[in-house]
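J.: Contents of start06.txt (compact mmCIF, C-alpha atoms and all ligand atoms) are below:
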# COMPACT_ATOMS: atom_id res chain seq x y z
CA MET S 1 12.45 -4.76 -18.47
CA GLU S 2 10.31 -7.15 -16.46
CA SER S 3 7.96 -5.81 -13.83
CA ILE S 4 4.95 -6.69 -11.75
CA ARG S 5 2.24 -4.31 -10.70
CA LEU S 6 0.17 -4.25 -7.53
CA LEU S 7 -2.83 -2.09 -6.72
CA GLN S 8 -2.77 -0.47 -3.25
CA ILE S 9 -6.14 0.68 -1.98
CA GLY S 10 -6.44 2.76 1.19
CA ASP S 11 -9.32 3.26 3.61
CA ILE S 12 -12.72 2.73 1.97
CA HIS S 13 -14.95 3.62 4.96
CA PHE S 14 -18.09 1.96 3.67
CA PRO S 15 -20.89 3.05 3.77
CA GLU S 16 -19.81 6.50 4.91
CA TRP S 17 -18.49 7.27 1.42
CA ARG S 18 -20.89 5.10 -0.57
CA ASP S 19 -23.42 7.87 -1.12
CA GLN S 20 -21.08 10.86 -1.05
CA GLN S 21 -21.38 12.92 -4.16
CA LEU S 22 -19.05 15.53 -5.53
CA VAL S 23 -21.26 18.60 -5.59
CA ASP S 24 -21.30 22.15 -4.30
CA TRP S 25 -25.02 22.03 -3.50
CA LYS S 26 -26.20 25.49 -2.48
CA ASP S 27 -29.85 25.48 -3.64
CA THR S 28 -31.37 22.74 -1.51
CA THR S 29 -34.81 23.17 -3.11
CA VAL S 30 -33.59 21.31 -6.19
CA PRO S 31 -34.87 17.70 -6.10
CA SER S 32 -32.23 15.27 -4.83
CA ARG S 33 -32.94 12.78 -7.64
CA LEU S 34 -32.01 15.47 -10.16
CA VAL S 35 -28.81 16.25 -8.26
CA ARG S 36 -27.97 12.55 -7.95
CA SER S 37 -28.35 12.08 -11.68
CA ALA S 38 -26.12 15.04 -12.51
CA VAL S 39 -23.12 14.73 -10.21
CA PRO S 40 -20.36 12.14 -9.70
CA ASN S 41 -20.43 9.53 -6.95
CA ARG S 42 -16.89 9.65 -5.59
CA LEU S 43 -16.61 6.07 -4.35
CA GLN S 44 -18.11 4.57 -7.47
CA ASN S 45 -15.80 6.65 -9.65
CA ALA S 46 -12.76 5.51 -7.65
CA MET S 47 -13.86 1.88 -7.86
CA ARG S 48 -14.56 2.12 -11.59
CA LYS S 49 -11.08 3.52 -12.21
CA ALA S 50 -9.41 0.91 -9.97
CA VAL S 51 -11.21 -1.95 -11.74
CA SER S 52 -10.49 -0.63 -15.23
CA THR S 53 -6.85 -0.10 -14.23
CA CYS S 54 -6.61 -3.75 -13.23
CA ALA S 55 -7.79 -4.77 -16.68
CA SER S 56 -5.55 -2.39 -18.63
CA GLN S 57 -2.35 -2.61 -16.54
CA GLU S 58 -2.05 -6.36 -15.88
CA ILE S 59 -2.26 -6.00 -12.11
CA SER S 60 -0.88 -9.07 -10.31
CA GLY S 61 -2.10 -8.35 -6.79
CA LEU S 62 -4.50 -6.28 -4.71
CA LEU S 63 -3.54 -4.72 -1.38
CA PHE S 64 -6.38 -3.45 0.81
CA CYS S 65 -5.04 -1.40 3.74
CA GLY S 66 -8.02 -1.83 6.12
CA ASP S 67 -10.77 0.48 7.40
CA LEU S 68 -13.32 -1.04 5.08
CA THR S 69 -15.93 0.52 7.33
CA SER S 70 -16.28 3.09 10.15
CA ILE S 71 -16.86 2.79 13.91
CA GLY S 72 -17.03 -1.01 13.79
CA GLN S 73 -20.22 -1.47 11.79
CA LEU S 74 -20.01 -5.20 11.10
CA GLY S 75 -22.95 -5.13 8.69
CA ALA S 76 -21.27 -2.38 6.69
CA TYR S 77 -17.98 -4.30 6.79
CA ARG S 78 -19.71 -7.30 5.24
CA GLU S 79 -21.33 -5.05 2.64
CA CYS S 80 -17.92 -3.65 1.76
CA VAL S 81 -16.48 -7.17 1.38
CA ASP S 82 -19.34 -7.93 -1.05
CA TYR S 83 -18.71 -4.62 -2.81
CA ILE S 84 -15.05 -5.54 -3.33
CA ILE S 85 -15.85 -9.11 -4.39
CA ASP S 86 -18.46 -7.95 -6.90
CA ASN S 87 -16.48 -5.09 -8.42
CA PHE S 88 -13.16 -6.95 -8.72
CA ARG S 89 -15.06 -10.13 -9.72
CA LEU S 90 -13.09 -12.16 -7.18
CA ARG S 91 -15.36 -15.18 -7.63
CA GLU S 92 -14.75 -15.39 -11.36
CA PRO S 93 -12.71 -18.56 -11.99
CA GLY S 94 -9.13 -17.90 -13.01
CA LEU S 95 -9.23 -14.14 -12.45
CA TRP S 96 -7.80 -13.74 -8.93
CA ALA S 97 -6.02 -16.39 -6.88
CA PRO S 98 -6.53 -15.91 -3.11
CA ALA S 99 -2.77 -15.29 -2.76
CA ALA S 100 -3.11 -12.27 -5.04
CA VAL S 101 -5.62 -10.53 -2.78
CA ASN S 102 -4.41 -9.21 0.56
CA VAL S 103 -6.35 -7.38 3.24
CA VAL S 104 -5.63 -6.33 6.83
CA PRO S 105 -7.86 -5.11 9.66
CA GLY S 106 -8.23 -1.37 10.28
CA ASN S 107 -8.96 0.22 13.64
CA HIS S 108 -12.37 1.32 12.38
CA ASP S 109 -13.29 -2.24 11.39
CA ILE S 110 -13.42 -3.51 14.96
CA ASP S 111 -16.82 -3.60 16.61
CA ARG S 112 -15.83 -2.56 20.10
CA ARG S 113 -19.22 -3.49 21.55
CA SER S 114 -19.08 -7.09 20.33
CA PHE S 115 -16.29 -8.48 22.49
CA ASP S 116 -15.32 -8.72 26.12
CA PRO S 117 -12.31 -6.44 26.72
CA ASN S 118 -11.55 -8.49 29.84
CA GLY S 119 -11.70 -11.81 27.94
CA PRO S 120 -8.65 -14.05 27.61
CA ASP S 121 -8.24 -13.77 23.82
CA ILE S 122 -7.02 -10.40 22.54
CA PHE S 123 -7.59 -11.58 18.95
CA ALA S 124 -11.27 -12.55 19.42
CA LYS S 125 -12.37 -9.11 18.20
CA PHE S 126 -11.04 -9.89 14.71
CA GLU S 127 -13.00 -13.11 14.24
CA PRO S 128 -16.14 -11.46 12.76
CA LEU S 129 -13.91 -9.79 10.13
CA VAL S 130 -12.07 -13.03 9.41
CA ASP S 131 -15.42 -14.80 9.00
CA ALA S 132 -16.77 -12.06 6.74
CA TRP S 133 -14.07 -12.87 4.18
CA ALA S 134 -14.04 -16.63 4.72
CA ASN S 135 -17.81 -16.91 4.36
CA ARG S 136 -18.04 -14.74 1.29
CA TRP S 137 -14.94 -15.70 -0.67
CA GLU S 138 -11.71 -17.07 0.81
CA PRO S 139 -10.07 -16.86 4.26
CA ILE S 140 -7.68 -14.13 3.16
CA LEU S 141 -7.94 -12.00 6.32
CA VAL S 142 -5.83 -13.22 9.22
CA GLY S 143 -6.32 -11.54 12.57
CA ARG S 144 -4.24 -13.59 14.98
CA GLY S 145 -1.17 -14.25 12.82
CA VAL S 146 0.81 -13.10 9.83
CA ARG S 147 -0.38 -14.08 6.38
CA ALA S 148 2.45 -14.68 3.92
CA SER S 149 1.66 -14.88 0.24
CA GLN S 150 3.77 -14.98 -2.86
CA LEU S 151 3.00 -12.96 -5.99
CA GLY S 152 4.78 -13.18 -9.26
CA SER S 153 4.79 -13.39 -13.00
CA ASN S 154 7.39 -13.40 -15.81
CA GLY S 155 10.10 -14.52 -13.38
CA CYS S 156 9.43 -11.56 -11.03
CA SER S 157 8.49 -12.26 -7.47
CA ALA S 158 7.15 -10.41 -4.41
CA GLY S 159 6.54 -11.81 -0.95
CA VAL S 160 3.66 -10.10 0.84
CA PHE S 161 3.28 -10.22 4.63
CA SER S 162 -0.14 -9.06 5.80
CA MET S 163 0.19 -7.88 9.39
CA ASN S 164 -2.32 -6.84 12.00
CA SER S 165 -1.40 -3.42 13.42
CA CYS S 166 -4.69 -3.16 15.33
CA VAL S 167 -3.98 -5.73 18.05
CA GLY S 168 -4.37 -3.14 20.80
CA CYS S 169 -7.32 -1.31 19.27
CA GLY S 170 -10.46 -1.43 21.38
CA GLU S 171 -8.67 -2.44 24.56
CA GLN S 172 -9.96 -1.01 27.79
CA ARG S 173 -8.25 1.62 29.87
CA PHE S 174 -8.20 0.79 33.54
CA ILE S 175 -8.94 4.13 35.10
CA PRO S 176 -8.77 4.15 38.94
CA ALA S 177 -12.12 3.06 40.41
CA PRO S 178 -13.18 6.33 42.09
CA ILE S 179 -12.67 8.29 38.85
CA GLN S 180 -14.26 5.50 36.81
CA ASN S 181 -17.43 5.60 38.91
CA VAL S 182 -17.89 9.31 38.38
CA LEU S 183 -17.03 9.14 34.69
CA SER S 184 -19.22 6.13 33.89
CA ARG S 185 -22.33 7.87 35.27
CA TRP S 186 -21.54 10.98 33.28
CA ILE S 187 -20.76 9.02 30.09
CA ALA S 188 -23.99 6.98 30.41
CA ARG S 189 -26.01 10.20 30.57
CA PHE S 190 -24.14 11.67 27.60
CA ARG S 191 -24.48 8.44 25.59
CA ALA S 192 -28.25 8.32 26.15
CA ARG S 193 -28.58 11.75 24.55
CA ASN S 194 -25.78 11.53 21.93
CA PRO S 195 -25.06 7.89 21.02
CA ILE S 196 -23.00 8.64 17.89
CA GLU S 197 -20.93 11.41 19.44
CA ALA S 198 -20.33 9.13 22.44
CA GLU S 199 -18.82 6.49 20.14
CA VAL S 200 -16.40 9.03 18.76
CA LEU S 201 -15.58 10.64 22.09
CA PHE S 202 -15.31 7.63 24.35
CA VAL S 203 -14.58 4.70 22.06
CA GLU S 204 -12.46 6.01 19.19
CA GLN S 205 -10.13 7.93 21.47
CA LEU S 206 -9.23 4.80 23.42
CA ASP S 207 -7.36 3.44 20.47
CA THR S 208 -4.00 1.80 21.09
CA PRO S 209 -2.75 0.43 17.77
CA SER S 210 0.01 -2.15 18.12
CA PHE S 211 1.59 -5.19 16.54
CA GLU S 212 2.00 -8.51 18.31
CA GLU S 213 5.74 -8.65 18.99
CA THR S 214 6.01 -12.29 17.90
CA HIS S 215 4.48 -11.37 14.53
CA VAL S 216 7.24 -8.84 13.97
CA THR S 217 9.90 -11.38 14.91
CA GLU S 218 8.32 -13.96 12.61
CA VAL S 219 8.34 -11.55 9.66
CA CYS S 220 11.96 -10.49 10.26
CA GLU S 221 13.06 -14.14 10.41
CA SER S 222 11.13 -14.96 7.24
CA VAL S 223 12.70 -11.99 5.45
CA GLU S 224 16.16 -13.33 6.32
CA GLN S 225 15.28 -16.63 4.62
CA MET S 226 13.83 -15.17 1.45
CA ALA S 227 15.59 -15.45 -1.89
CA PRO S 228 17.36 -12.22 -2.94
CA ASP S 229 15.27 -12.01 -6.11
CA THR S 230 12.05 -11.49 -4.12
CA VAL S 231 10.79 -8.03 -3.21
CA VAL S 232 9.65 -7.92 0.41
CA LEU S 233 6.40 -6.09 0.96
CA ILE S 234 4.50 -5.63 4.22
CA LEU S 235 0.84 -4.65 4.30
CA ALA S 236 -0.62 -3.15 7.49
CA HIS S 237 -3.18 -0.52 8.35
CA HIS S 238 -1.20 1.95 10.45
CA ASN S 239 1.68 4.27 9.63
CA LEU S 240 5.03 3.61 11.30
CA LEU S 241 6.22 7.18 10.85
CA GLN S 242 4.40 10.03 12.49
CA GLN S 243 2.16 11.85 10.02
CA ALA S 244 3.31 15.24 8.74
CA THR S 245 0.20 17.09 9.89
CA PRO S 246 0.38 17.58 13.68
CA ARG S 247 -2.24 15.37 15.28
CA ILE S 248 -3.56 16.20 18.73
CA ASP S 249 -5.10 13.02 20.06
CA LEU S 250 -4.49 10.13 22.43
CA TYR S 251 -2.47 7.14 21.18
CA THR S 252 -2.23 8.41 17.62
CA ASP S 253 0.83 6.30 16.88
CA VAL S 254 1.35 2.54 16.97
CA ILE S 255 2.61 1.94 20.49
CA ASN S 256 5.42 -0.34 19.30
CA GLY S 257 5.75 1.34 15.88
CA GLY S 258 9.30 2.45 16.66
CA LEU S 259 10.31 -1.14 17.32
CA VAL S 260 8.79 -2.28 14.02
CA ARG S 261 10.33 0.62 12.08
CA SER S 262 13.75 0.00 13.56
CA ARG S 263 13.70 -3.76 12.96
CA LEU S 264 12.48 -3.44 9.38
CA ALA S 265 15.06 -0.76 8.56
CA SER S 266 17.77 -3.06 9.93
CA ARG S 267 17.30 -5.84 7.40
CA ASP S 268 20.00 -6.33 4.78
CA ARG S 269 17.52 -5.66 1.98
CA PRO S 270 14.85 -3.04 1.33
CA VAL S 271 11.38 -3.61 2.79
CA LEU S 272 8.33 -1.91 1.29
CA TYR S 273 5.79 -1.05 4.00
CA CYS S 274 2.34 -0.28 2.55
CA HIS S 275 -0.32 1.26 4.76
CA GLY S 276 -3.43 3.43 4.97
CA HIS S 277 -4.98 5.04 8.08
CA ILE S 278 -3.73 8.63 7.70
CA HIS S 279 -5.86 9.30 4.59
CA LYS S 280 -2.85 10.94 2.96
CA SER S 281 -0.23 9.43 0.67
CA PRO S 282 3.33 10.29 1.71
CA ILE S 283 6.26 8.14 0.61
CA GLU S 284 9.16 8.14 3.04
CA VAL S 285 12.37 6.13 3.41
CA VAL S 286 14.18 5.23 6.63
CA THR S 287 17.71 3.88 6.48
CA SER S 288 20.17 2.66 9.07
CA PRO S 289 23.89 3.42 8.58
CA ALA S 290 24.70 0.01 10.08
CA HIS S 291 22.67 -1.70 7.33
CA PRO S 292 23.51 0.15 4.10
CA ALA S 293 21.81 -2.51 1.95
CA GLY S 294 18.52 -2.14 3.80
CA ALA S 295 15.80 0.50 3.87
CA LEU S 296 12.28 0.83 5.13
CA VAL S 297 10.20 2.34 2.34
CA SER S 298 6.89 3.56 3.72
CA ILE S 299 4.18 3.97 1.07
CA ALA S 300 0.78 5.31 2.14
CA ALA S 301 -2.41 5.04 0.14
CA PRO S 302 -4.90 7.92 0.38
CA LEU S 303 -8.54 7.59 1.33
CA PHE S 304 -9.93 5.50 -1.52
CA VAL S 305 -12.32 8.20 -2.75
CA ASP S 306 -9.25 10.43 -3.16
CA GLY S 307 -7.26 7.88 -5.15
CA PHE S 308 -5.05 4.78 -5.05
CA ASN S 309 -1.54 3.66 -5.98
CA ILE S 310 -0.11 1.29 -8.51
CA LEU S 311 3.17 -0.14 -7.21
CA GLU S 312 5.32 -1.19 -10.13
CA LEU S 313 8.23 -3.44 -9.14
CA HIS S 314 11.06 -3.60 -11.68
CA PHE S 315 13.51 -6.48 -12.08
CA SER S 316 16.79 -6.98 -13.94
CA ARG S 317 17.18 -9.55 -16.74
CA ALA S 318 18.53 -11.92 -14.08
CA GLY S 319 15.37 -11.40 -12.00
CA ARG S 320 16.94 -9.20 -9.31
CA PRO S 321 14.79 -6.38 -7.88
CA LEU S 322 15.93 -2.97 -9.14
CA GLY S 323 13.33 -0.47 -8.10
CA CYS S 324 9.76 0.43 -7.31
CA THR S 325 7.71 3.07 -9.08
CA VAL S 326 4.73 4.38 -7.13
CA ARG S 327 2.14 5.60 -9.62
CA PRO S 328 -0.55 7.60 -7.80
CA PHE S 329 -4.04 8.03 -9.21
CA LYS S 330 -5.82 11.05 -7.75
CA SER S 331 -9.38 12.31 -7.91
CA GLU S 332 -9.91 15.56 -9.76
CA ASP S 333 -12.37 18.37 -9.08
CA HIS S 334 -14.45 17.17 -12.04
CA GLY S 335 -14.90 13.77 -10.39
CA GLY S 336 -12.59 11.84 -12.68
CA MET S 337 -9.45 10.10 -11.50
CA GLU S 338 -6.15 10.77 -13.24
CA GLU S 339 -2.66 9.33 -12.93
CA SER S 340 -0.24 11.89 -11.52
CA GLN S 341 3.52 12.21 -11.19
CA PRO S 342 5.19 8.90 -10.25
CA THR S 343 7.84 8.45 -7.55
CA ARG S 344 10.82 6.21 -8.32
CA ILE S 345 12.46 4.36 -5.42
CA PRO S 346 15.68 2.46 -6.22
CA LEU S 347 15.97 -0.86 -4.41
CA VAL S 348 19.68 -1.37 -5.09
CA PRO S 349 21.98 0.72 -2.88
CA ALA S 350 24.95 2.29 -4.67
CA PRO S 351 27.61 -0.07 -3.19
CA ARG S 352 25.77 -3.05 -4.66
CA ALA S 353 25.27 -1.67 -8.15
CA PRO S 354 28.49 -3.25 -9.59
CA MET S 355 27.14 -6.72 -8.70
CA PHE S 356 24.41 -6.21 -11.30
CA ILE S 357 26.67 -5.26 -14.19
CA ASP S 358 27.59 -7.93 -16.77
CA ASP S 359 29.45 -7.65 -20.11
CA LEU S 360 26.51 -6.47 -22.18
CA LEU S 361 25.33 -3.94 -19.63
CA ARG S 362 28.91 -2.68 -19.33
CA ALA S 363 28.93 -2.16 -23.12
CA VAL S 364 25.65 -0.24 -22.98
CA ILE S 365 26.92 1.93 -20.13
CA GLY S 366 30.15 2.46 -22.06
CA ALA S 367 28.15 3.83 -24.98
CA THR S 368 26.68 6.62 -22.86
CA THR S 369 28.35 9.94 -22.07
CA GLU S 370 27.77 12.82 -19.71
CA ALA S 371 26.53 14.74 -22.75
CA PRO S 372 22.99 13.67 -23.81
CA VAL S 373 22.92 11.10 -26.65
CA ARG S 374 19.97 9.79 -28.63
CA PHE S 375 19.00 6.13 -28.31
CA ALA S 376 19.84 5.30 -31.95
CA GLU S 377 23.40 6.54 -31.46
CA ILE S 378 23.87 4.44 -28.32
CA ALA S 379 22.43 1.35 -30.03
CA ALA S 380 24.86 1.83 -32.93
CA ARG S 381 27.81 2.13 -30.52
CA VAL S 382 26.76 -1.03 -28.65
CA ARG S 383 26.45 -3.02 -31.89
CA GLU S 384 30.06 -2.30 -32.81
CA ALA S 385 31.03 -4.90 -30.18
CA HIS S 386 27.73 -6.81 -29.95
CA PRO S 387 26.26 -6.89 -33.48
CA THR S 388 23.26 -9.06 -32.54
CA ALA S 389 22.05 -6.87 -29.63
CA ALA S 390 18.43 -5.93 -30.33
CA ASP S 391 16.97 -2.47 -29.66
CA GLU S 392 14.62 -3.91 -27.06
CA ALA S 393 17.48 -5.49 -25.10
CA ILE S 394 19.57 -2.31 -25.23
CA ALA S 395 16.58 -0.26 -24.08
CA GLY S 396 16.01 -2.65 -21.17
CA MET S 397 19.64 -2.33 -20.13
CA LEU S 398 19.52 1.46 -20.21
CA LEU S 399 16.56 1.29 -17.84
CA GLU S 400 18.46 -1.14 -15.60
CA ALA S 401 21.43 1.23 -15.60
CA GLU S 402 19.09 4.06 -14.66
CA TRP S 403 17.83 2.13 -11.61
CA LEU S 404 21.47 1.52 -10.66
CA GLY S 405 22.08 5.28 -10.70
CA ILE S 406 24.38 5.19 -13.74
CA THR S 407 22.25 6.71 -16.51
CA GLU S 408 19.28 9.03 -16.88
CA VAL S 409 16.68 8.35 -19.56
CA LYS S 410 14.65 11.36 -20.71
CA ASP S 411 11.11 10.61 -21.96
CA ARG S 412 11.37 7.09 -20.58
CA SER S 413 7.64 6.44 -20.93
CA ALA S 414 7.83 7.05 -24.71
CA VAL S 415 9.27 4.68 -27.31
CA PRO S 416 13.09 4.27 -27.12
CA ALA S 417 13.54 5.91 -30.52
CA ILE S 418 12.96 9.34 -28.98
CA TRP S 419 14.88 8.75 -25.74
CA VAL S 420 17.78 11.00 -24.87
CA ILE S 421 20.26 9.37 -22.47
CA ARG S 422 23.10 10.73 -20.43
CA ARG S 423 25.56 9.21 -17.98
CA THR S 424 24.98 10.33 -14.39
CA GLY S 425 27.05 7.80 -12.45
CA PRO S 426 30.37 5.95 -12.58
FE FE J 501 -9.48 5.45 8.18
Transcribe the structure of this file into C-alpha cells.
Ligand SMILES: [Fe+2]
T.:
Amino acid sequence: MESIRLLQIGDIHFPEWRDQQLVDWKDTTVPSRLVRSAVPNRLQNAMRKAVSTCASQEISGLLFCGDLTSIGQLGAYRECVDYIIDNFRLREPGLWAPAAVNVVPGNHDIDRRSFDPNGPDIFAKFEPLVDAWANRWEPILVGRGVRASQLGSNGCSAGVFSMNSCVGCGEQRFIPAPIQNVLSRWIARFRARNPIEAEVLFVEQLDTPSFEETHVTEVCESVEQMAPDTVVLILAHHNLLQQATPRIDLYTDVINGGLVRSRLASRDRPVLYCHGHIHKSPIEVVTSPAHPAGALVSIAAPLFVDGFNILELHFSRAGRPLGCTVRPFKSEDHGGMEESQPTRIPLVPAPRAPMFIDDLLRAVIGATTEAPVRFAEIAARVREAHPTAADEAIAGMLLEAEWLGITEVKDRSAVPAIWVIRRTGP
C-alpha cells in the first residue's frame, strides 16, 4: 500500500526550552557542569529523534505549527530558524524542497513592541518573521496570505495550506479613556518594577487569535477545485476546538474559529487540520450530517520537548486517499523518545466504500470470513480465481479493505505471513 509521511512539530519555544534539562535536582551544591554532563537535554533529544526519524521513515514533508519562540523575542525566533535549518539540513542540495517545509506564525512569535497597533497594515507585525525565513533559507513563511504547497511521492499527493491564525494577536484593546488613563499610570509603575511579569499580564492576555476571513474563503474554494486523489491538509497554530482542560483566560479561542470549523467540516471531502498552541495532542473529528463525505479532522502536536507526530497518509492502488495514521512519539521519564500507540482515521466514509472496490479487491474480500483466517489461507482462496495474484498485492488489498471498514487485520505491522484477518463489514 502506498503512503506518504509528514512530520508534525508543535511549539518549540526557543530558547525557553533550549537549556531545559530533565533532572530532579535536589542537591544544588553539586556543580552544574557535572549535572549538565549527566542528564538529558529535552529539546536536543526531541530534535535528535525527529531528525533521525526523517532519515529512517522517508518523511516527505515537515509541518511546523508556530511558537518557535516566546513573548515575541525576534532574536530568539531567528536563532530557532537557524536551529531548524541546521538540524534538518535544509540548505543541503536535494534534501528538502521549499514546498516540503511548511511553517506558520504562532501568537508567541509576534514582537508586540515592534509595530504600531494603530497602523494601517494588520499584517505588518509578521514581516520580521517572514524575513527571518527568507533571509536564512527560503520565503516559506507567509503572513499576509495563504501558502499552498503540494507534497507527494509514489503517486500519492497532499495539498498543504499554511494559514495564519494569529492575525488578531497583538491588537490593541480600546478601553474607554478615563479608565485607560488610570490603568496606564498603574501599569507603567508595575512594568518599571516587573518588566517580565508585565509582558505576561498586560501583553499576553490581550491576545485575539483570528483568521482573515478572505483566507478561509480562498482555502475553501481551492479545496473544491482539488483533484479527489489529493489529501487536503491545513496547517495553523491555533486549535479550532476548545481544549479539554478548562482554560480561564481572556480570548483563549480563535475569535472566528467556529466559522472556520464549520466551513471546513462542510466540504465534501475530509480536511486534516494540524495545529499546535495547546501543548497537548488530542485528535478530534467534527462531521456535518449535511455533508456525509466530509469531516474536519483536528490533529494537535504536543510541545516539541514532549514529542511530535508522524502523519502517515495511505492511498489505494488507484491513488485515492484511504486513511491517515497519526503516529505519536512521546518523551519518556528517562529522556528518550518512543513511538506510542497510533490512531487510525479513515478518510473514506462508509457510503463511498463501494466506489473503491474492483474485481480483485472483491475477490480478496470474498476470501475473508467473520471467523479469523490466516493470511496464507486467504491468499490460497484468492488464487483459485486469480492465479497470478502475488502475496504483496493481496496484502495491500487487505489493508485497503481494512481502511474501507470491511476487514480487520491483526498484527498489521508484522509480515503478512503471521496476519490473522476477519471480515468486519459488508
Ligand atoms: Fe505555545
J.: Within 7 Å of Phe375 in chain S, counting only C-alpha atoms, which residues show up once you throw out same-chain ones fewer than 4 positions away? Write them as a list in words, please.
T.: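 Once the nearby chain positions are removed, what remains is Ala379, Pro416, Ala417, Ile418, Trp419, Val420 and Ile421 of chain S.
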J.: Could you save the residues just selected, with C-alpha atoms, as a compact mmCIF listing (two decimals), in the coordinates of the input?
T.:
# COMPACT_ATOMS: atom_id res chain seq x y z
CA ALA S 379 22.43 1.35 -30.03
CA PRO S 416 13.09 4.27 -27.12
CA ALA S 417 13.54 5.91 -30.52
CA ILE S 418 12.96 9.34 -28.98
CA TRP S 419 14.88 8.75 -25.74
CA VAL S 420 17.78 11.00 -24.87
CA ILE S 421 20.26 9.37 -22.47
J.: Within 12 Å of ligand FE 501 (chain J) (counting all atoms listed in the file), which residues show up? I'd like them as a tab-separated table (two decimals) with C-alpha atoms, in the coordinates of the input.
T.:
chain	number	residue	atom	x	y	z
S	9	ILE	CA	-6.14	0.68	-1.98
S	10	GLY	CA	-6.44	2.76	1.19
S	11	ASP	CA	-9.32	3.26	3.61
S	12	ILE	CA	-12.72	2.73	1.97
S	13	HIS	CA	-14.95	3.62	4.96
S	14	PHE	CA	-18.09	1.96	3.67
S	16	GLU	CA	-19.81	6.50	4.91
S	17	TRP	CA	-18.49	7.27	1.42
S	64	PHE	CA	-6.38	-3.45	0.81
S	65	CYS	CA	-5.04	-1.40	3.74
S	66	GLY	CA	-8.02	-1.83	6.12
S	67	ASP	CA	-10.77	0.48	7.40
S	68	LEU	CA	-13.32	-1.04	5.08
S	69	THR	CA	-15.93	0.52	7.33
S	70	SER	CA	-16.28	3.09	10.15
S	71	ILE	CA	-16.86	2.79	13.91
S	72	GLY	CA	-17.03	-1.01	13.79
S	105	PRO	CA	-7.86	-5.11	9.66
S	106	GLY	CA	-8.23	-1.37	10.28
S	107	ASN	CA	-8.96	0.22	13.64
S	108	HIS	CA	-12.37	1.32	12.38
S	109	ASP	CA	-13.29	-2.24	11.39
S	110	ILE	CA	-13.42	-3.51	14.96
S	204	GLU	CA	-12.46	6.01	19.19
S	237	HIS	CA	-3.18	-0.52	8.35
S	238	HIS	CA	-1.20	1.95	10.45
S	239	ASN	CA	1.68	4.27	9.63
S	275	HIS	CA	-0.32	1.26	4.76
S	276	GLY	CA	-3.43	3.43	4.97
S	277	HIS	CA	-4.98	5.04	8.08
S	278	ILE	CA	-3.73	8.63	7.70
S	279	HIS	CA	-5.86	9.30	4.59
S	280	LYS	CA	-2.85	10.94	2.96
S	300	ALA	CA	0.78	5.31	2.14
S	301	ALA	CA	-2.41	5.04	0.14
S	302	PRO	CA	-4.90	7.92	0.38
S	303	LEU	CA	-8.54	7.59	1.33
S	304	PHE	CA	-9.93	5.50	-1.52
S	305	VAL	CA	-12.32	8.20	-2.75
J.: Distance table requested - range 62-101 of chain S against range 48-52 of chain S, cut-off 10 Å, only C-alpha atoms: one row per qualifying residue with the closest atom pair and its distance in Å to one decimal, ordered by chain and rising residue number, as JSON lines.
T.:
{"residue": "S:Ile84", "atom": "CA", "partner": "S:Val51", "partner_atom": "CA", "distance": 9.9}
{"residue": "S:Asn87", "atom": "CA", "partner": "S:Val51", "partner_atom": "CA", "distance": 7.0}
{"residue": "S:Phe88", "atom": "CA", "partner": "S:Val51", "partner_atom": "CA", "distance": 6.2}
{"residue": "S:Arg89", "atom": "CA", "partner": "S:Val51", "partner_atom": "CA", "distance": 9.3}
J.: Take CA of Val231 in chain S and CA of Leu361 in chain S and report the distance between them in Å, one decimal.
T.: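 These two atoms are separated by 22.3 Å.
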J.: Any chance you could tabulate, as a tab-separated table, the residues of range 290-344 of chain S at most 12 Å from range 156-170 of chain S with each one's nearest atom pair and distance in Å to one decimal, using all atoms listed in the file, in chain and rising number order?
T.:
residue	atom	partner	partner_atom	distance
S:Leu311	CA	S:Ala158	CA	11.4
S:Glu312	CA	S:Ala158	CA	11.0
S:Leu313	CA	S:Cys156	CA	8.4
S:His314	CA	S:Cys156	CA	8.2
S:Phe315	CA	S:Cys156	CA	6.6
S:Ser316	CA	S:Cys156	CA	9.1
S:Arg317	CA	S:Cys156	CA	9.8
S:Ala318	CA	S:Cys156	CA	9.6
S:Gly319	CA	S:Cys156	CA	6.0
S:Arg320	CA	S:Cys156	CA	8.1
S:Pro321	CA	S:Cys156	CA	8.1
S:Leu322	CA	S:Cys156	CA	10.9
S:Cys324	CA	S:Ala158	CA	11.5
J.: Write out, as a PDB file, in the coordinates of the input, the residues just selected, with C-alpha atoms.
T.:
ATOM      1  CA  LEU S 311       3.170  -0.140  -7.210  1.00  0.00           C
ATOM      2  CA  GLU S 312       5.320  -1.190 -10.130  1.00  0.00           C
ATOM      3  CA  LEU S 313       8.230  -3.440  -9.140  1.00  0.00           C
ATOM      4  CA  HIS S 314      11.060  -3.600 -11.680  1.00  0.00           C
ATOM      5  CA  PHE S 315      13.510  -6.480 -12.080  1.00  0.00           C
ATOM      6  CA  SER S 316      16.790  -6.980 -13.940  1.00  0.00           C
ATOM      7  CA  ARG S 317      17.180  -9.550 -16.740  1.00  0.00           C
ATOM      8  CA  ALA S 318      18.530 -11.920 -14.080  1.00  0.00           C
ATOM      9  CA  GLY S 319      15.370 -11.400 -12.000  1.00  0.00           C
ATOM     10  CA  ARG S 320      16.940  -9.200  -9.310  1.00  0.00           C
ATOM     11  CA  PRO S 321      14.790  -6.380  -7.880  1.00  0.00           C
ATOM     12  CA  LEU S 322      15.930  -2.970  -9.140  1.00  0.00           C
ATOM     13  CA  CYS S 324       9.760   0.430  -7.310  1.00  0.00           C
TER      14      CYS S 324
END
J.: Show me, as a VMD selection string, the residues that have an atom within 8 Å of Ser60 in chain S when counting all atoms listed in the file, minus same-chain residues fewer than 5 positions from it.
T.: chain S and resid 4 to 6 100 151 to 153
J.: Could you save the residues just selected, with C-alpha atoms, as a compact mmCIF listing (two decimals), in the coordinates of the input?
T.:
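To be explicit, this is the file written out as result_11.txt:
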# COMPACT_ATOMS: atom_id res chain seq x y z
CA ILE S 4 4.95 -6.69 -11.75
CA ARG S 5 2.24 -4.31 -10.70
CA LEU S 6 0.17 -4.25 -7.53
CA ALA S 100 -3.11 -12.27 -5.04
CA LEU S 151 3.00 -12.96 -5.99
CA GLY S 152 4.78 -13.18 -9.26
CA SER S 153 4.79 -13.39 -13.00
J.: Do you know which residues are at most 8 Å from Leu63 in chain S counting all atoms listed in the file, after dropping those on the same chain fewer than 4 positions away, and could you put them as a list of chain:residue names?
T.: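 Final neighbour list, sorted by chain and number: S:Leu6, S:Leu7, S:Gln8, S:Ile9, S:Val101, S:Asn102, S:Val103, S:Leu235.
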